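To start, the structure under review is shown below, and the notes come after it.
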Amino acid sequence: MNRRDFLRTSGILSGHLILTSGLSVSAWIENAHGAEISVEGLRKSLDPKSAYVLLAQDRGFSQYQPAFNTRTLRTPLVRVLCLNAEAVVTCLAWAQTNNVPLAMRAGGHSYEGFSQSTGLVIDTRLMRSIDVSSDASEISIGAGVLLGDVYSALGPRGRTIPAGTCPTVGATGHTSGGGYGLLARAYGLACDSLEEIEIVTADGKEIRASENENSDLFWGFRGAGNGNFGVVTKLKYQTHPVDKVLAFSMDWSTHQSSATQLLQAWQQWMPTAPNEITSLFKISKDFFNYNIRCIGQSIGDEQTLRRELAQLTRVASPAHFNVQALSYLDSVRHFGGSDTSAPAVYMKAKSDYVMSVMDSPTLQSFTANMPTKNISVILDGYGGAIRNLKDTDTAFAHRENSVCSIQYYTQWSKSEDTPDRLKMMRDYYNSLRPHFTGAAYVNYPDVDLLNYARSYWGNNLERLVQLKGKWDPNNFFRHAQSIQLQLK
Ligand SMILES: Cc1cc2nc3c(=O)[nH]c(=O)nc-3n(C[C@H](O)[C@H](O)[C@H](O)COP(=O)(O)OP(=O)(O)OC[C@H]3O[C@@H](n4cnc5c(N)ncnc54)[C@H](O)[C@@H]3O)c2cc1C
């Protein structure tokens with residue numbers, strides 16, 4: 001089902017403003033049964049100290065409207081900025097009573113707009129509490145905390161959690177889908193460091209989930225938590241030591257056969273490299289050249305790193321090669337920039353998993369079919385600590401055999417370019433289908449996937465469907481690619 005069909009079948013029909021007597025304006029929305037519902041009831045039942053209700057005509061509405069991907073932007077009838085779990089409970093009860101569709105929003109970086117709704121948005125971005133334990137071995141955060149906030153809180157204490165490079169990504173959405181970053185081979189995915197969540201479930205209860213309490217839900221959240229089982233309000237992580245790191249980068253501008261050889265060398269090397277090293281391999285094409293950039297980070301020693309990187313530099317000499325020792329926070333800024341807000345763009349991405357090293361025909365298709373300009377392909381190296389857990393240990397299903405994930409990415413600035421960009425992406429992806437299994441990363445969601453649930457969750461899908469039936473039996477938390485109550 002595509003997003004348009006989803007919106008139609010989920011009853012998001014229309015919304016309008018009705019002028020009432022005097023100066024007051026109240027918003028009405030039409031629910032799935034065509035009934036008109038006033039948002040005033042919701043506003044009245046919320047404690048104004050724990051929630052800000054924003055309708056389109058309110059000052060501040062537009063301030064909270066942007067999201068990373070302009071292509072998927074939706075204007076909600078009502079956005080409620082919840083400051084605590086009680087406000088979330090009230091919003092859920094109102095939405096359920098009135099049959100109003102909703103979405104949950106944390107950092108707003110969903111590639112396919114799953115944190116957007118034309119009904120109600122339960123917006124957790126102002127839940128920004130951060131508590132670091134006295135020995136800094138644990139951190140508890142509100143659901144609206146961004147990755148950059150976590151790094152800033154822990155970095156000066158010589159600690160961190162392993163998570164993505166972009167500081168403006170929300171910890172909640174990121175962790176619930178896995179969460180890959182430049183410490184992944186050393187310390188695993190972000191969800192692997194999660195110890196506990198607080199979550200409001202479909203029955204309006206605020207509960208905790210961890211290995212010891214509601215452990216089934218905790219299992220499902222780590223890899224399939226985004227928008228499926230309830231509204232997370234808090235997360236607690238164990239932290240890991242980090243001091244100086246070695247940041248490295250190498251660039252080549254080269255022809256197809258050399259690009260293919262470099263890719264071959266990287267995919268052979270990365271999964272077997274020492275766990276202290278994590279690396280990404282990015283490739284794009286202009287008219288005559290393949291532009292390749294390999295970046296990464298090591299928490300080991302420089303001699304080992306340089307010896308390891310020689311496995312790439314001896315294939316082709318890079319135009320630029322740099323290894324530098326940085327403090328952990330400088331490394332975060334080096335790779336992620338120091339912007340506190342991500343500029344909105346039009347974008348589209350797709351993903352694959354490489355389950356055993358790509359053979360020669362695959363590598364050939366990969367480079368030969370690559371469109372000229374406007375698309376980047378980024379391979380995230382797996383192995384290392386990601387493999388410390390089995391595919392079935394958490395809902396994140398791509399650990400044991402994954403060499404790397406592949407992200408196909410394009411972004412643009414004018415809406416009129418959208419059809420061409422989507423077509424270019426689709427054509428390239430389709431040309432590679434014979435070579436990949438269809439497995440995909442849920443944090444790089446793609447509404448074109450035919451069997452998205454199997455692609456994201458592999459053999460964990462059956463268990464997730466059971467969990468959905470237990471924790472959300474009426475399928476209240478749903479978006480275009482949420483877990484269904486039955487296997488399709
Ligand atoms: C610029 C950029 C860089 C990125 N870099 C990386 C990277 O290095 N590594 C990586 O693995 N991924 C990366 N991603 C992908 C990122 O991990 C996902 O987009 C992630 O889902 C974003 O989470 P969010 O909270 O910002 O997004 P949101 O859009 O707010 O939410 C994402 C999903 O989580 C759900 N959700 C939001 N809040 C809640 C809540 N309170 N309770 C329950 N569910 C909720 C939403 O419904 C939605 O389905 C990147 C994305 C972007 C745009």
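By convention in this document, the chains of the structure tokens carry letters A, B, ... by their order, each chain's residues are numbered from 1, and ligands are numbered from 1 in the order they are shown.
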
Can I get the residues of chain A within 7 Å of ligand 1, each with the closest pair of atoms and their distance in Å to one decimal, using only C-alpha atoms and all ligand atoms, sorted chain first then ascending number, as a tab-separated table?
residue	atom	partner	partner_atom_place_in_ligand_line	distance
A:Phe68	CA	ligand 1	53 (C)	5.9
A:Ala103	CA	ligand 1	47 (O)	5.5
A:Met104	CA	ligand 1	47 (O)	4.3
A:Arg105	CA	ligand 1	30 (O)	3.8
A:Ala106	CA	ligand 1	30 (O)	3.5
A:Gly107	CA	ligand 1	26 (O)	3.2
A:Gly108	CA	ligand 1	29 (O)	3.3
A:His109	CA	ligand 1	27 (O)	3.9
A:Ser110	CA	ligand 1	29 (O)	3.6
A:Tyr111	CA	ligand 1	19 (O)	5.6
A:Gly113	CA	ligand 1	29 (O)	6.3
A:Phe114	CA	ligand 1	49 (O)	4.5
A:Ser115	CA	ligand 1	47 (O)	4.2
A:Thr124	CA	ligand 1	41 (N)	5.5
A:Ala143	CA	ligand 1	41 (N)	5.3
A:Ala163	CA	ligand 1	9 (N)	6.7
A:Gly164	CA	ligand 1	8 (O)	3.5
A:Thr165	CA	ligand 1	8 (O)	4.5
A:Cys166	CA	ligand 1	3 (C)	4.9
A:Val169	CA	ligand 1	26 (O)	4.1
A:Gly170	CA	ligand 1	25 (O)	3.5
A:Ala171	CA	ligand 1	25 (O)	5.7
A:Thr172	CA	ligand 1	25 (O)	4.9
A:Gly173	CA	ligand 1	23 (O)	3.3
A:His174	CA	ligand 1	17 (O)	3.7
A:Ser176	CA	ligand 1	34 (O)	6.9
A:Gly177	CA	ligand 1	21 (O)	6.4
A:Gly178	CA	ligand 1	11 (O)	6.4
A:Gly179	CA	ligand 1	11 (O)	3.8
A:Tyr180	CA	ligand 1	11 (O)	3.8
A:Gly181	CA	ligand 1	8 (O)	5.1
A:Gly225	CA	ligand 1	44 (N)	6.1
A:Asn226	CA	ligand 1	34 (O)	3.8
A:Gly227	CA	ligand 1	47 (O)	3.9
A:Asn228	CA	ligand 1	44 (N)	6.9
A:Gly230	CA	ligand 1	43 (C)	5.7
A:Val231	CA	ligand 1	42 (N)	3.7
A:Val232	CA	ligand 1	42 (N)	3.7
A:Thr233	CA	ligand 1	41 (N)	5.6
A:Ala342	CA	ligand 1	1 (C)	6.8
A:Asn443	CA	ligand 1	18 (C)	4.5
A:Tyr444	CA	ligand 1	15 (C)	5.7

### Task
Taking the DSSP assignment computed from this structure's backbone, write out as a list of chain:residue names all residues of stretch 277-309 of chain A that belong to alpha helix (DSSP H).
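Secondary structure check on stretch 277-309 of chain A, alpha helix (DSSP H): A:Glu302, A:Gln303, A:Thr304, A:Leu305, A:Arg306, A:Arg307, A:Glu308, A:Leu309.
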
### Task
Counting only C-alpha atoms, figure out which residue out of A:Trp412, A:Phe287, A:Tyr452, A:Phe229 gets nearest to A:Pro343.
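Using only C-alpha atoms, A:Pro343 sits closest to A:Trp412.
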
### Query
Could you work out how far atom CA of A:Val242 lies from atom CA of A:Gly337, giving the answer in Å with one decimal?
19.1 Å

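Among A:Ala224, A:Met355, A:Leu183, A:Val200, the residue with the shortest atom-to-atom distance to A:Arg463, counting only C-alpha atoms, is A:Ala224.
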
### Query
Which parts of stretch 233-414 of chain A does DSSP call strand (DSSP E) when run on the backbone here, written out as a VMD selection string?
chain A and resid 233 to 238 240 to 241 244 to 254 277 to 285 290 to 298 320 to 327 346 to 354 376 to 381 404 to 412

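Contact shell of A:Ala440 at 7 Å (only C-alpha atoms; same-chain neighbours under 5 positions omitted): Ser351, Asp352, Tyr353, Ser455 and Tyr456 of chain A.
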
### Message
My list of candidates is A:Tyr428, A:Tyr151, A:Tyr382, A:Trp94. Which is closest to A:Tyr328 when distances are computed with only C-alpha atoms?
### Response
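When distances to A:Tyr328 are compared using only C-alpha atoms, the smallest one comes from A:Tyr151.
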